[in-house]
$ cat target.csv   # CSV, C-alpha atoms and all ligand atoms
chain,number,residue,atom,x,y,z
S,611,MET,CA,-3.9,18.6,12.9
S,612,ARG,CA,-5.8,15.3,13.4
S,613,ILE,CA,-8.3,13.9,10.8
S,614,ASP,CA,-10.4,10.9,11.6
S,615,ILE,CA,-12.1,9.4,8.6
S,616,ILE,CA,-15.0,7.0,9.1
S,617,THR,CA,-15.8,4.7,6.2
S,618,VAL,CA,-17.2,1.3,5.1
S,619,VAL,CA,-14.5,1.0,2.5
S,620,PRO,CA,-11.1,1.7,4.2
S,621,GLU,CA,-9.2,0.1,1.3
S,622,LEU,CA,-10.2,3.1,-0.9
S,623,LEU,CA,-8.4,5.5,1.4
S,624,SER,CA,-5.1,3.9,2.2
S,625,SER,CA,-3.2,4.7,-1.0
S,626,PRO,CA,-4.2,8.3,-1.5
S,627,LEU,CA,-3.6,9.2,2.1
S,628,ASN,CA,-0.1,7.5,2.3
S,629,GLU,CA,1.7,9.0,-0.7
S,630,SER,CA,3.6,12.2,-1.4
S,631,ILE,CA,2.6,15.3,0.6
S,632,LEU,CA,0.2,13.6,2.8
S,633,LYS,CA,2.7,11.0,3.7
S,634,ARG,CA,5.4,13.6,4.4
S,635,ALA,CA,3.0,15.7,6.5
S,636,GLN,CA,2.3,12.7,8.6
S,637,GLU,CA,5.9,11.7,9.0
S,638,SER,CA,6.9,15.2,10.0
S,639,GLY,CA,4.1,15.3,12.6
S,640,HIS,CA,2.1,18.1,10.9
S,641,ALA,CA,-0.9,15.9,10.3
S,642,GLU,CA,-2.3,12.7,11.8
S,643,ILE,CA,-4.8,10.8,9.7
S,644,TYR,CA,-6.7,7.8,11.0
S,645,VAL,CA,-9.1,5.6,9.1
S,646,HIS,CA,-11.9,3.8,11.0
S,647,ASN,CA,-13.8,0.9,9.6
S,648,LEU,CA,-17.5,1.3,10.4
S,649,ARG,CA,-17.9,-2.5,10.5
S,650,ASP,CA,-15.7,-2.5,13.6
S,651,TYR,CA,-18.6,-0.7,15.3
S,652,THR,CA,-21.3,-3.2,14.5
S,653,ASP,CA,-22.6,-5.8,17.0
S,654,ASP,CA,-23.9,-8.6,14.7
S,655,LYS,CA,-22.0,-11.5,13.2
S,656,ARG,CA,-22.4,-10.2,9.7
S,657,ARG,CA,-21.1,-6.8,10.6
S,658,THR,CA,-24.1,-5.1,9.0
S,659,VAL,CA,-23.7,-1.4,8.3
S,660,ASP,CA,-26.8,-0.8,6.0
S,661,ASP,CA,-30.5,-1.6,6.0
S,662,TYR,CA,-33.6,-1.1,3.9
S,663,PRO,CA,-35.1,2.4,4.0
S,664,PHE,CA,-38.5,3.1,5.8
S,665,GLY,CA,-41.0,4.0,3.1
S,666,GLY,CA,-39.9,1.4,0.7
S,667,GLU,CA,-37.7,3.3,-1.7
S,668,ALA,CA,-34.9,1.5,-3.7
S,669,GLY,CA,-31.4,1.4,-2.3
S,670,MET,CA,-29.9,0.9,1.1
S,671,VAL,CA,-29.3,3.3,4.0
S,672,MET,CA,-26.4,3.5,6.4
S,673,LYS,CA,-27.5,2.4,9.8
S,674,ILE,CA,-27.5,4.8,12.7
S,675,GLU,CA,-25.9,2.6,15.5
S,676,PRO,CA,-22.4,1.9,14.1
S,677,VAL,CA,-22.0,5.5,13.1
S,678,TYR,CA,-23.2,6.7,16.5
S,679,ARG,CA,-20.9,4.4,18.4
S,680,CYS,CA,-17.8,5.3,16.3
S,681,ILE,CA,-18.4,9.1,16.6
S,682,GLU,CA,-19.2,8.9,20.3
S,683,LYS,CA,-16.0,6.9,21.0
S,684,LEU,CA,-13.9,9.5,19.1
S,685,LYS,CA,-15.7,12.4,20.9
S,686,SER,CA,-15.0,10.7,24.3
S,687,GLU,CA,-11.3,10.8,23.5
S,688,ARG,CA,-10.9,14.5,22.4
S,689,ASP,CA,-12.9,17.5,21.3
S,690,TYR,CA,-13.7,17.9,17.6
S,691,ASP,CA,-13.9,21.3,15.8
S,692,GLU,CA,-16.0,19.9,13.0
S,693,ILE,CA,-17.8,16.6,12.2
S,694,ILE,CA,-18.1,16.6,8.5
S,695,TYR,CA,-20.4,14.4,6.3
S,696,THR,CA,-19.5,14.0,2.6
S,697,SER,CA,-22.6,14.1,0.4
S,698,PRO,CA,-23.6,15.5,-2.9
S,699,ASP,CA,-26.2,17.7,-1.2
S,700,GLY,CA,-23.7,19.4,1.1
S,701,ILE,CA,-22.2,22.9,0.6
S,702,THR,CA,-19.9,23.0,-2.4
S,703,TYR,CA,-16.3,22.7,-1.3
S,704,ASN,CA,-13.7,25.4,-2.3
S,705,GLN,CA,-10.4,26.8,-1.3
S,706,HIS,CA,-11.9,29.1,1.3
S,707,GLU,CA,-13.4,26.1,3.1
S,708,ALA,CA,-10.1,24.2,2.8
S,709,ASN,CA,-8.3,27.2,4.5
S,710,ARG,CA,-10.9,27.3,7.2
S,711,LEU,CA,-10.5,23.6,8.0
S,712,SER,CA,-6.7,23.7,7.9
S,713,LEU,CA,-6.8,26.0,11.0
S,714,MET,CA,-8.6,23.3,13.0
S,715,LYS,CA,-7.1,20.9,15.5
S,716,ASN,CA,-9.3,17.8,15.2
S,717,ILE,CA,-11.9,17.0,12.6
S,718,ILE,CA,-14.0,13.9,11.7
S,719,ILE,CA,-15.0,13.1,8.1
S,720,LEU,CA,-17.8,10.6,7.8
S,721,CYS,CA,-18.0,9.2,4.3
S,722,GLY,CA,-21.5,8.7,3.0
S,723,HIS,CA,-22.3,5.5,1.2
S,724,TYR,CA,-25.2,3.7,-0.4
S,725,LYS,CA,-28.3,5.8,-0.7
S,726,GLY,CA,-27.3,7.9,2.2
S,727,ILE,CA,-27.2,7.8,6.0
S,728,ASP,CA,-30.1,7.7,8.5
S,729,TYR,CA,-31.0,11.4,8.6
S,730,ARG,CA,-30.9,11.5,12.4
S,731,ILE,CA,-27.1,11.3,12.2
S,732,ARG,CA,-27.1,14.4,10.1
S,733,GLU,CA,-29.6,16.2,12.3
S,734,HIS,CA,-27.9,15.4,15.6
S,735,LEU,CA,-24.2,14.7,15.1
S,736,ILE,CA,-22.9,16.3,11.9
S,737,THR,CA,-21.8,19.9,12.1
S,738,ARG,CA,-20.9,20.4,8.4
S,739,GLU,CA,-22.0,18.7,5.1
S,740,ILE,CA,-19.7,19.0,2.2
S,741,SER,CA,-20.1,18.2,-1.5
S,742,ILE,CA,-17.0,18.2,-3.8
S,743,GLY,CA,-19.1,19.1,-6.8
S,744,ASP,CA,-22.5,18.6,-8.6
S,745,TYR,CA,-22.1,15.0,-9.6
S,746,VAL,CA,-22.6,11.8,-7.7
S,747,LEU,CA,-19.8,9.5,-6.6
S,748,THR,CA,-20.2,5.9,-5.5
S,749,GLY,CA,-19.3,6.9,-2.0
S,750,GLY,CA,-17.9,9.8,0.0
S,751,GLU,CA,-14.4,8.2,0.3
S,752,LEU,CA,-12.9,10.0,-2.7
S,753,ALA,CA,-14.5,13.3,-1.4
S,754,ALA,CA,-12.8,12.6,2.0
S,755,CYS,CA,-9.4,12.2,0.2
S,756,VAL,CA,-10.0,15.5,-1.7
S,757,ILE,CA,-10.7,17.3,1.5
S,758,ALA,CA,-7.8,15.7,3.5
S,759,ASP,CA,-5.3,16.4,0.7
S,760,SER,CA,-6.4,20.0,0.1
S,761,VAL,CA,-6.4,20.8,3.9
S,762,VAL,CA,-3.1,19.1,4.8
S,763,ARG,CA,-1.1,20.7,2.1
S,764,ILE,CA,-1.8,24.2,3.5
S,765,ILE,CA,-1.1,23.4,7.1
S,766,PRO,CA,1.8,25.8,7.9
S,767,GLY,CA,5.1,23.9,7.5
S,768,ALA,CA,3.5,20.7,6.0
S,769,ILE,CA,5.0,21.2,2.6
S,770,GLY,CA,8.6,22.3,2.5
S,771,ASP,CA,8.0,25.4,0.4
S,772,GLU,CA,5.3,27.4,2.2
S,773,ALA,CA,5.3,30.2,-0.4
S,774,SER,CA,4.2,27.6,-2.9
S,775,ALA,CA,0.9,26.9,-1.1
S,776,LEU,CA,0.2,30.6,-0.7
S,777,THR,CA,0.6,31.1,-4.5
S,778,ASP,CA,-1.8,28.3,-5.4
S,779,CYS,CA,-4.7,28.9,-7.6
S,780,PHE,CA,-7.7,30.4,-5.8
S,781,GLN,CA,-5.7,31.5,-2.7
S,782,ASP,CA,-6.5,35.1,-3.7
S,783,ASN,CA,-9.6,34.2,-5.8
S,784,LEU,CA,-7.3,34.2,-8.9
S,785,LEU,CA,-6.2,31.4,-11.1
S,786,ALA,CA,-2.4,30.9,-11.0
S,787,PRO,CA,-0.2,32.4,-13.8
S,788,PRO,CA,1.5,30.0,-16.3
S,789,VAL,CA,4.7,28.4,-15.2
S,790,TYR,CA,7.7,27.1,-17.3
S,791,THR,CA,11.0,25.4,-16.7
S,792,ARG,CA,14.1,24.6,-18.7
S,793,PRO,CA,14.8,24.4,-21.6
S,794,ALA,CA,13.9,28.1,-22.5
S,795,GLU,CA,13.2,26.9,-26.0
S,796,PHE,CA,11.8,23.6,-27.1
S,797,ASN,CA,10.6,22.8,-30.6
S,798,GLY,CA,10.7,26.5,-31.4
S,799,TRP,CA,8.3,27.2,-28.5
S,800,ARG,CA,9.8,29.9,-26.3
S,801,VAL,CA,9.3,30.8,-22.7
S,802,PRO,CA,8.1,34.4,-22.4
S,803,ASP,CA,11.1,36.7,-22.5
S,804,VAL,CA,10.2,38.5,-19.3
S,805,LEU,CA,10.7,35.3,-17.2
S,806,LEU,CA,14.3,35.1,-18.4
S,807,SER,CA,15.0,38.8,-17.8
S,808,GLY,CA,16.0,38.6,-14.2
S,809,ASN,CA,13.9,41.7,-13.5
S,810,PHE,CA,11.8,40.5,-10.6
S,811,ALA,CA,9.6,43.6,-10.4
S,812,GLU,CA,8.7,43.1,-14.1
S,813,ILE,CA,8.2,39.3,-13.6
S,814,GLU,CA,5.8,39.9,-10.7
S,815,ARG,CA,3.9,42.5,-12.7
S,816,TRP,CA,3.6,40.0,-15.6
S,817,GLN,CA,2.5,37.2,-13.3
S,818,ASP,CA,-0.1,39.4,-11.8
S,819,GLU,CA,-1.5,40.4,-15.2
S,820,GLN,CA,-1.6,36.8,-16.3
S,821,ALA,CA,-3.5,35.8,-13.2
S,822,TRP,CA,-6.0,38.5,-13.8
S,823,SER,CA,-6.5,37.9,-17.5
S,824,ARG,CA,-6.7,34.1,-17.2
S,825,THR,CA,-9.2,34.5,-14.4
S,826,LYS,CA,-11.2,37.0,-16.4
S,827,SER,CA,-11.5,34.8,-19.4
S,828,LEU,CA,-11.7,31.3,-17.8
S,829,ARG,CA,-13.5,32.0,-14.4
S,830,PRO,CA,-15.1,35.4,-14.5
S,831,ASP,CA,-17.4,34.2,-11.6
S,832,LEU,CA,-14.4,34.4,-9.2
S,833,LEU,CA,-14.0,38.1,-9.9
S,834,GLU,CA,-17.6,39.1,-9.1
S,835,GLY,CA,-17.4,42.0,-6.6
S,836,VAL,CA,-13.6,42.2,-6.8
S,837,GLU,CA,-12.1,45.6,-7.7
S,838,ARG,CA,-8.9,45.9,-9.5
M,901,LIG,N1,-20.8,11.3,-2.2
M,901,LIG,C1,-21.3,11.1,-3.4
M,901,LIG,N2,-21.1,12.1,-4.3
M,901,LIG,C2,-20.5,13.1,-3.6
M,901,LIG,C3,-20.0,14.4,-3.9
M,901,LIG,N3,-20.2,14.9,-5.1
M,901,LIG,N4,-19.4,15.1,-2.9
M,901,LIG,C4,-19.2,14.5,-1.7
M,901,LIG,N5,-19.6,13.3,-1.3
M,901,LIG,C5,-20.2,12.6,-2.3
$ encode --input "target.csv" --output "structure tokens"
Amino acid sequence: MRIDIITVVPELLSSPLNESILKRAQESGHAEIYVHNLRDYTDDKRRTVDDYPFGGEAGMVMKIEPVYRCIEKLKSERDYDEIIYTSPDGITYNQHEANRLSLMKNIIILCGHYKGIDYRIREHLITREISIGDYVLTGGELAACVIADSVVRIIPGAIGDEASALTDCFQDNLLAPPVYTRPAEFNGWRVPDVLLSGNFAEIERWQDEQAWSRTKSLRPDLLEGVER
């Protein structure tokens, strides 16, 4: 899978995208992530990417031309399945959307900045607008990292232990059961006996019950319409 991220602050992206799972997924060829500096698509000496809004409101707006040039260049090189814009007024991101994106071949993520982007870009070029939650970030870069991380880790084969991604929280609309590791007792705090029993049918039943009860008490909204 290929992810092209367009931003006015490329520095914000380099570290999160080049560590741990994302680094390994790129090294093993499961993912390619490219960061494009919007200023490289300007045509003035000062490399201007923003301008005052029509109508005289406060704040600056991302200009249409550099974004248009960058997206059109990428589109001339390959087909894109989705051109995403990160913005607090997009659809709220979740595991279902991460799963959907992970099946795609090429996606663009355009990071919003300033007061927003000239709306014509959203009307004519963007195919999906995503928010990572009901709060406002300084820019869409952190949102782009969240999307890239959550998508790349579930590309089949991208993380060594595939079963691990499938048992993540939310994969079946349930929170994950508690996990423990050695020592079996610390400070008088014991790991549940069932996990030490070696009885895998019992362990699975316990994990299933824990997932249900934790979801029911912590996130009942996830169980709406789900029959047990
Ligand atoms: N840009 C600013 N806030 C954002 C949010 N909550 N989600 C996605 N992009 C954003």
$ residues_near_ligand --input "target.csv" --ligand "ligand LIG 901 (chain M)" --cutoff "7 Å" --atoms "only C-alpha atoms and all ligand atoms" --output "list in words"
Thr696, Ser697, Pro698, Gly722, His723, Ile740, Ser741, Ile742, Gly743, Asp744, Tyr745, Val746, Leu747, Thr748, Gly749, Gly750 and Ala753 of chain S
$ closest_residue --input "target.csv" --among "S:Thr617, S:Met670, S:Thr825, S:Ile765" --to "Ser638 of chain S" --atoms "all atoms listed in the file"
S:Ile765
$ atom_distance --input "target.csv" --atom1 "atom CA of Val645 of chain S" --atom2 "atom CA of Glu682 of chain S"
15.4 Å
$ residues_around --input "target.csv" --residues "Trp822 of chain S" --least-positions-apart "5" --cutoff "9 Å" --atoms "only C-alpha atoms" --output "compact mmCIF listing (two decimals) with C-alpha atoms, in the frame of the given file"
# COMPACT_ATOMS: atom_id res chain seq x y z
CA LEU S 784 -7.30 34.20 -8.90
CA LEU S 785 -6.20 31.40 -11.10
CA ALA S 786 -2.40 30.90 -11.00
CA PRO S 787 -0.20 32.40 -13.80
CA GLN S 817 2.50 37.20 -13.30
CA SER S 827 -11.50 34.80 -19.40
CA LEU S 833 -14.00 38.10 -9.90
$ atom_distance --input "target.csv" --atom1 "atom CA of Lys673 of chain S" --atom2 "atom CA of Gly726 of chain S"
9.4 Å
$ atom_distance --input "target.csv" --atom1 "atom CA of Tyr644 of chain S" --atom2 "atom CA of Ile615 of chain S"
6.1 Å
$ closest_residue --input "target.csv" --among "S:Glu642, S:Tyr703, S:Ile681, S:Arg656" --to "Asn628 of chain S" --atoms "all atoms listed in the file"
S:Glu642
$ closest_residue --input "target.csv" --among "S:Ile727, S:Ala821, S:Ala794, S:Cys779" --to "Gly669 of chain S" --atoms "only C-alpha atoms"
S:Ile727
$ closest_residue --input "target.csv" --among "S:Asp818, S:Gly798, S:Cys755, S:Asn783" --to "Gly835 of chain S" --atoms "only C-alpha atoms"
S:Asn783
$ residues_around --input "target.csv" --residues "Leu752 of chain S" --least-positions-apart "5" --cutoff "9 Å" --atoms "all atoms listed in the file" --output "ChimeraX atom specification"
/S:622-623,626,721,747,757
$ closest_residue --input "target.csv" --among "S:Ser807, S:Thr702, S:Ser712, S:Ser630" --to "Ile769 of chain S" --atoms "only C-alpha atoms"
S:Ser630
$ closest_residue --input "target.csv" --among "S:Ile631, S:Lys655, S:Glu687, S:Glu667" --to "Gly770 of chain S" --atoms "only C-alpha atoms"
S:Ile631
$ residues_near_point --input "target.csv" --point "(-29.8, 1.0, 8.5)" --cutoff "7 Å" --atoms "only C-alpha atoms" --output "count of residues only"
9
$ residues_near_point --input "target.csv" --point "(-6.6, 16.3, 13.3)" --cutoff "9 Å" --atoms "only C-alpha atoms" --output "list in words"
Met611, Arg612, Ile613, Asp614, Ala641, Glu642, Ile643, Tyr644, Tyr690, Met714, Lys715, Asn716, Ile717 and Ile718 of chain S
$ residues_around --input "target.csv" --residues "segment 649-651 of chain S" --least-positions-apart "2" --cutoff "7 Å" --atoms "all atoms listed in the file" --output "PyMOL selection string"
chain S and resi 618+647+653+657-659+676+679-680
